[in-house]
$ cat my_file_10.cif   # mmCIF, C-alpha atoms
data_work
#
loop_
_atom_site.label_atom_id
_atom_site.label_comp_id
_atom_site.auth_asym_id
_atom_site.auth_seq_id
_atom_site.Cartn_x
_atom_site.Cartn_y
_atom_site.Cartn_z
CA MET A 1 179.14 275.50 149.68
CA ILE A 2 181.45 278.48 150.10
CA LEU A 3 181.37 280.75 147.04
CA LYS A 4 183.94 283.33 148.15
CA THR A 5 185.99 284.15 151.21
CA TYR A 6 187.20 287.54 152.34
CA THR A 7 190.03 288.59 154.62
CA ARG A 8 188.92 291.39 156.91
CA VAL A 9 190.89 294.57 157.40
CA LEU A 10 189.46 296.64 160.23
CA THR A 11 190.19 300.35 160.06
CA THR A 12 189.26 303.67 161.59
CA ASP A 13 190.30 305.39 158.33
CA ILE A 14 188.41 303.63 155.52
CA GLU A 15 189.49 306.03 152.77
CA ALA A 16 193.22 305.61 153.49
CA THR A 17 192.80 301.84 153.70
CA VAL A 18 190.88 301.69 150.41
CA ALA A 19 193.51 303.86 148.70
CA THR A 20 196.22 301.40 149.77
CA LEU A 21 194.16 298.38 148.67
CA LYS A 22 193.47 299.98 145.28
CA ALA A 23 197.20 300.53 144.77
CA VAL A 24 198.11 296.99 145.82
CA HIS A 25 195.33 295.33 143.79
CA GLY A 26 195.62 297.64 140.81
CA THR A 27 191.85 297.85 140.58
CA GLU A 28 188.78 299.58 141.97
CA PRO A 29 186.58 298.10 144.71
CA HIS A 30 183.77 295.90 143.45
CA PHE A 31 181.33 297.02 146.13
CA ARG A 32 180.75 299.46 148.95
CA PHE A 33 177.99 298.96 151.51
CA ASP A 34 177.16 301.36 154.31
CA TYR A 35 175.79 299.66 157.43
CA ASP A 36 175.63 302.39 160.01
CA PRO A 37 177.97 302.63 161.90
CA LEU A 38 180.22 300.57 159.56
CA THR A 39 181.34 300.96 155.94
CA LEU A 40 182.28 297.80 154.02
CA VAL A 41 184.42 297.95 150.88
CA GLY A 42 185.26 294.82 148.89
CA ILE A 43 188.33 294.72 146.67
CA GLY A 44 189.70 291.39 145.49
CA ASP A 45 189.62 288.98 148.43
CA VAL A 46 189.82 291.78 151.00
CA LEU A 47 186.91 293.35 152.84
CA ALA A 48 187.86 296.65 154.44
CA ILE A 49 185.54 297.49 157.32
CA GLY A 50 185.65 301.06 158.51
CA GLY A 51 184.26 302.46 161.71
CA THR A 52 185.15 303.68 165.16
CA ASP A 53 187.12 301.45 167.52
CA ALA A 54 183.92 300.88 169.50
CA ALA A 55 181.93 299.91 166.38
CA LEU A 56 184.67 297.50 165.24
CA GLU A 57 185.18 295.87 168.65
CA PRO A 58 182.37 293.24 168.36
CA ILE A 59 183.92 291.72 165.21
CA ARG A 60 187.58 291.83 166.22
CA GLY A 61 189.08 288.36 166.21
CA SER A 62 186.48 286.85 163.90
CA PHE A 63 186.94 285.65 160.34
CA GLY A 64 184.95 286.29 157.21
CA PRO A 65 182.70 286.99 155.75
CA TRP A 66 182.52 283.68 153.96
CA ILE A 67 179.92 283.97 151.22
CA VAL A 68 177.87 280.77 151.04
CA GLU A 69 175.33 279.41 148.60
CA ASP A 70 172.77 278.33 151.25
CA ILE A 71 173.06 279.69 154.78
CA GLU A 72 170.56 277.26 156.33
CA ALA A 73 172.36 274.24 154.85
CA THR A 74 175.68 275.71 156.04
CA LYS A 75 174.29 276.20 159.55
CA GLY A 76 173.07 272.59 159.66
CA MET A 77 176.41 271.23 158.47
CA LEU A 78 178.31 273.35 160.99
CA LEU A 79 176.06 272.28 163.88
CA ALA A 80 176.51 268.63 162.86
CA ASN A 81 180.27 269.20 163.11
CA GLY A 82 180.32 270.65 166.61
CA ALA A 83 179.82 274.36 165.89
CA SER A 84 177.55 276.60 167.92
CA VAL A 85 175.44 279.60 166.98
CA LEU A 86 176.70 282.97 168.23
CA GLN A 87 174.28 285.07 166.17
CA ASP A 88 171.49 283.21 164.42
CA VAL A 89 170.54 283.75 160.80
CA LYS A 90 169.08 287.19 160.21
CA ASP A 91 168.10 289.24 157.19
CA ILE A 92 170.42 292.04 156.10
CA THR A 93 170.37 294.49 153.20
CA ASN A 94 172.40 292.23 150.92
CA GLY A 95 170.95 288.85 151.96
CA ARG A 96 171.24 286.90 155.22
CA MET A 97 174.04 286.39 157.73
CA MET A 98 175.03 284.56 160.91
CA TYR A 99 178.02 284.18 163.23
CA MET A 100 179.13 280.67 164.19
CA ARG A 101 181.77 279.39 166.61
CA HIS A 102 183.49 276.36 165.07
CA ALA A 103 184.41 273.34 167.17
CA ASP A 104 188.02 274.60 167.24
CA GLY A 105 186.86 277.92 168.75
CA SER A 106 187.25 280.10 165.67
CA VAL A 107 184.42 282.57 165.00
CA VAL A 108 183.25 283.03 161.42
CA GLU A 109 180.70 285.33 159.82
CA TYR A 110 178.72 283.57 157.09
CA VAL A 111 176.70 285.52 154.52
CA GLU A 112 174.27 284.35 151.87
CA TRP A 113 174.13 287.14 149.30
CA THR A 114 171.01 287.84 147.25
CA PRO A 115 171.02 286.04 143.88
CA GLU A 116 171.66 289.38 142.15
CA LEU A 117 174.82 290.02 144.18
CA VAL A 118 176.10 286.47 143.62
CA GLU A 119 175.58 286.90 139.88
CA ARG A 120 177.18 290.37 139.73
CA HIS A 121 180.12 289.84 142.08
CA ILE A 122 180.95 286.13 141.70
CA LEU A 123 179.40 284.27 138.78
CA ALA A 124 179.58 286.86 135.98
CA PRO A 125 183.25 287.73 136.69
CA LEU A 126 184.17 284.04 136.79
CA ARG A 127 182.43 283.44 133.44
CA ALA A 128 184.39 286.40 132.03
CA GLY A 129 187.65 284.78 133.11
CA THR A 130 188.43 287.11 135.99
CA PRO A 131 190.65 285.36 138.55
CA ALA A 132 188.83 284.68 141.82
CA SER A 133 191.30 286.85 143.74
CA GLN A 134 190.29 289.84 141.60
CA ILE A 135 186.54 289.64 142.18
#
$ encode --input "my_file_10.cif" --output "structure tokens"
Amino acid sequence: MILKTYTRVLTTDIEATVATLKAVHGTEPHFRFDYDPLTLVGIGDVLAIGGTDAALEPIRGSFGPWIVEDIEATKGMLLANGASVLQDVKDITNGRMMYMRHADGSVVEYVEWTPELVERHILAPLRAGTPASQI
């Protein structure tokens, strides 16, 4: 099950991009992760990814991340529906991730956050009545 989807904004100037997103959303980012050589900043349903053109090149044209409840179950469901694995499930700082090519050719990054991140950035805000687009 998908818990949250993000629209990616790739940028070589993360601070300028975040400033614009803060103004448009009227709120502060809910997280910032540094994955050398990339910086990821989440605000609302947007994930700003900052880095050099070379560092951003491998993810250009892909969608996501789509935060899922169970990455192995998601992988199985996608494979059963004609998808193929581009990057198999691997551990990352905030959980586990993979890249899949859907049967229609689209490429999506799937991430299973740690339970703590799901609670902090999805479940607790929803219980507090925060609209999904603002978490």
$ resolve_selection --input "my_file_10.cif" --expression "the PyMOL selection byres ((chain A and resi 52) around 12)" --output "PyMOL selection string"
chain A and resi 10-14+36-39+49-51+53-58
$ residues_around --input "my_file_10.cif" --residues "Val18 (chain A)" --least-positions-apart "4" --cutoff "12 Å" --atoms "all atoms listed in the file" --output "number ranges by chain"
A: 9-14, 22-32, 39-44, 46-50
$ closest_residue --input "my_file_10.cif" --among "A:Ile2, A:Leu21, A:Met100, A:Ala124" --to "Ser62 (chain A)" --atoms "all atoms listed in the file"
A:Met100
$ residues_near_point --input "my_file_10.cif" --point "(176.5, 294.7, 151.1)" --cutoff "7 Å" --atoms "only C-alpha atoms" --output "PyMOL selection string"
chain A and resi 32-33+93-94
$ closest_residue --input "my_file_10.cif" --among "A:Val118, A:Leu79, A:Pro125, A:Glu72" --to "Met97 (chain A)" --atoms "only C-alpha atoms"
A:Glu72
$ closest_residue --input "my_file_10.cif" --among "A:Tyr99, A:Trp66, A:Thr20, A:Lys90" --to "Thr5 (chain A)" --atoms "only C-alpha atoms"
A:Trp66
$ closest_residue --input "my_file_10.cif" --among "A:Ile67, A:Ala80, A:His102, A:Gln87" --to "Pro115 (chain A)" --atoms "only C-alpha atoms"
A:Ile67
$ resolve_selection --input "my_file_10.cif" --expression "the PyMOL selection byres ((chain A and resi 107-112) around 12)" --output "ChimeraX atom specification"
/A:1-8,58-75,78,83-106,113-118
$ closest_residue --input "my_file_10.cif" --among "A:Ile135, A:Glu15, A:Met77, A:Gly82" --to "Arg120 (chain A)" --atoms "all atoms listed in the file"
A:Ile135
$ atom_distance --input "my_file_10.cif" --atom1 "CA of Ala16 (chain A)" --atom2 "CA of Tyr35 (chain A)"
18.8 Å
$ decode --input "my_file_10.cif" --residues "region 3-123 of chain A" --atoms "C-alpha atoms" --output "JSON list (two decimals), in the first residue's frame"
[["chain", "number", "residue", "atom", "x", "y", "z"],
["A", 3, "LEU", "CA", 1.34, 5.74, 2.18],
["A", 4, "LYS", "CA", 2.54, 8.95, 0.49],
["A", 5, "THR", "CA", 3.73, 10.09, -2.91],
["A", 6, "TYR", "CA", 6.15, 12.87, -3.69],
["A", 7, "THR", "CA", 6.73, 14.92, -6.81],
["A", 8, "ARG", "CA", 10.43, 15.37, -7.43],
["A", 9, "VAL", "CA", 12.03, 18.72, -8.15],
["A", 10, "LEU", "CA", 15.64, 18.32, -9.21],
["A", 11, "THR", "CA", 17.85, 21.33, -8.61],
["A", 12, "THR", "CA", 21.45, 22.45, -8.59],
["A", 13, "ASP", "CA", 20.52, 25.19, -6.09],
["A", 14, "ILE", "CA", 18.71, 23.47, -3.21],
["A", 15, "GLU", "CA", 18.50, 26.57, -0.99],
["A", 16, "ALA", "CA", 16.81, 28.70, -3.66],
["A", 17, "THR", "CA", 14.41, 25.86, -4.48],
["A", 18, "VAL", "CA", 13.53, 25.31, -0.81],
["A", 19, "ALA", "CA", 12.95, 29.05, -0.32],
["A", 20, "THR", "CA", 10.46, 29.03, -3.20],
["A", 21, "LEU", "CA", 8.72, 25.90, -1.91],
["A", 22, "LYS", "CA", 8.45, 27.39, 1.59],
["A", 23, "ALA", "CA", 6.81, 30.50, 0.14],
["A", 24, "VAL", "CA", 4.38, 28.52, -2.01],
["A", 25, "HIS", "CA", 3.47, 26.02, 0.73],
["A", 26, "GLY", "CA", 3.46, 28.56, 3.54],
["A", 27, "THR", "CA", 5.28, 26.12, 5.79],
["A", 28, "GLU", "CA", 8.68, 24.74, 6.69],
["A", 29, "PRO", "CA", 10.08, 21.48, 5.30],
["A", 30, "HIS", "CA", 9.19, 18.39, 7.31],
["A", 31, "PHE", "CA", 12.52, 16.70, 6.69],
["A", 32, "ARG", "CA", 15.99, 17.14, 5.27],
["A", 33, "PHE", "CA", 18.26, 14.18, 4.53],
["A", 34, "ASP", "CA", 21.81, 14.42, 3.25],
["A", 35, "TYR", "CA", 22.84, 11.50, 1.05],
["A", 36, "ASP", "CA", 26.20, 12.48, -0.34],
["A", 37, "PRO", "CA", 26.23, 13.77, -3.07],
["A", 38, "LEU", "CA", 22.49, 14.62, -2.84],
["A", 39, "THR", "CA", 20.38, 16.64, -0.40],
["A", 40, "LEU", "CA", 16.69, 15.74, -0.07],
["A", 41, "VAL", "CA", 14.17, 18.19, 1.39],
["A", 42, "GLY", "CA", 10.50, 17.26, 1.84],
["A", 43, "ILE", "CA", 7.83, 19.94, 1.98],
["A", 44, "GLY", "CA", 4.20, 19.02, 1.45],
["A", 45, "ASP", "CA", 4.03, 16.58, -1.46],
["A", 46, "VAL", "CA", 7.25, 17.87, -3.02],
["A", 47, "LEU", "CA", 10.70, 16.36, -2.60],
["A", 48, "ALA", "CA", 13.43, 18.78, -3.65],
["A", 49, "ILE", "CA", 16.61, 16.92, -4.56],
["A", 50, "GLY", "CA", 19.72, 19.03, -4.76],
["A", 51, "GLY", "CA", 23.03, 18.11, -6.30],
["A", 52, "THR", "CA", 25.24, 18.61, -9.31],
["A", 53, "ASP", "CA", 23.93, 17.87, -12.79],
["A", 54, "ALA", "CA", 26.06, 14.72, -12.83],
["A", 55, "ALA", "CA", 24.71, 13.53, -9.45],
["A", 56, "LEU", "CA", 21.10, 14.17, -10.54],
["A", 57, "GLU", "CA", 21.44, 12.52, -13.96],
["A", 58, "PRO", "CA", 20.74, 8.90, -12.83],
["A", 59, "ILE", "CA", 17.30, 9.83, -11.45],
["A", 60, "ARG", "CA", 16.16, 12.20, -14.19],
["A", 61, "GLY", "CA", 12.96, 10.97, -15.79],
["A", 62, "SER", "CA", 11.93, 8.77, -12.87],
["A", 63, "PHE", "CA", 9.03, 9.26, -10.49],
["A", 64, "GLY", "CA", 8.83, 9.14, -6.74],
["A", 65, "PRO", "CA", 9.64, 8.42, -4.19],
["A", 66, "TRP", "CA", 6.45, 6.61, -3.40],
["A", 67, "ILE", "CA", 6.48, 5.72, 0.29],
["A", 68, "VAL", "CA", 5.08, 2.22, 0.79],
["A", 69, "GLU", "CA", 4.05, 0.20, 3.81],
["A", 70, "ASP", "CA", 5.85, -3.02, 2.77],
["A", 71, "ILE", "CA", 8.51, -2.88, 0.05],
["A", 72, "GLU", "CA", 8.75, -6.65, -0.44],
["A", 73, "ALA", "CA", 4.98, -6.98, -0.89],
["A", 74, "THR", "CA", 5.06, -4.01, -3.29],
["A", 75, "LYS", "CA", 7.87, -5.61, -5.29],
["A", 76, "GLY", "CA", 5.93, -8.89, -5.56],
["A", 77, "MET", "CA", 2.76, -7.12, -6.68],
["A", 78, "LEU", "CA", 4.67, -5.07, -9.27],
["A", 79, "LEU", "CA", 6.46, -8.14, -10.66],
["A", 80, "ALA", "CA", 3.11, -9.96, -10.92],
["A", 81, "ASN", "CA", 1.86, -7.02, -12.99],
["A", 82, "GLY", "CA", 4.67, -6.98, -15.53],
["A", 83, "ALA", "CA", 7.19, -4.68, -13.83],
["A", 84, "SER", "CA", 10.91, -5.35, -13.75],
["A", 85, "VAL", "CA", 13.58, -4.58, -11.16],
["A", 86, "LEU", "CA", 16.03, -1.82, -12.08],
["A", 87, "GLN", "CA", 17.62, -1.57, -8.63],
["A", 88, "ASP", "CA", 16.71, -4.27, -6.15],
["A", 89, "VAL", "CA", 15.69, -3.60, -2.56],
["A", 90, "LYS", "CA", 18.54, -2.19, -0.51],
["A", 91, "ASP", "CA", 18.92, -0.70, 2.94],
["A", 92, "ILE", "CA", 19.27, 3.06, 3.24],
["A", 93, "THR", "CA", 19.55, 5.43, 6.19],
["A", 94, "ASN", "CA", 15.80, 5.98, 6.45],
["A", 95, "GLY", "CA", 14.61, 2.45, 5.59],
["A", 96, "ARG", "CA", 14.75, 0.49, 2.33],
["A", 97, "MET", "CA", 14.34, 1.43, -1.32],
["A", 98, "MET", "CA", 14.20, 0.05, -4.87],
["A", 99, "TYR", "CA", 13.70, 1.26, -8.43],
["A", 100, "MET", "CA", 11.16, -0.54, -10.62],
["A", 101, "ARG", "CA", 10.23, -0.19, -14.29],
["A", 102, "HIS", "CA", 6.46, -0.56, -14.64],
["A", 103, "ALA", "CA", 4.94, -2.49, -17.55],
["A", 104, "ASP", "CA", 4.16, 0.86, -19.23],
["A", 105, "GLY", "CA", 7.86, 1.82, -19.08],
["A", 106, "SER", "CA", 7.65, 4.37, -16.28],
["A", 107, "VAL", "CA", 10.42, 4.20, -13.66],
["A", 108, "VAL", "CA", 9.46, 4.66, -10.01],
["A", 109, "GLU", "CA", 11.50, 4.82, -6.82],
["A", 110, "TYR", "CA", 9.77, 3.02, -3.95],
["A", 111, "VAL", "CA", 10.81, 3.59, -0.33],
["A", 112, "GLU", "CA", 9.77, 1.84, 2.85],
["A", 113, "TRP", "CA", 10.51, 4.27, 5.66],
["A", 114, "THR", "CA", 11.44, 3.11, 9.15],
["A", 115, "PRO", "CA", 8.42, 2.84, 11.48],
["A", 116, "GLU", "CA", 9.61, 5.96, 13.32],
["A", 117, "LEU", "CA", 9.61, 8.05, 10.13],
["A", 118, "VAL", "CA", 6.18, 6.75, 9.08],
["A", 119, "GLU", "CA", 4.81, 7.69, 12.50],
["A", 120, "ARG", "CA", 6.45, 11.14, 12.57],
["A", 121, "HIS", "CA", 5.89, 12.21, 8.97],
["A", 122, "ILE", "CA", 2.65, 10.45, 7.98],
["A", 123, "LEU", "CA", 0.55, 8.93, 10.76]]
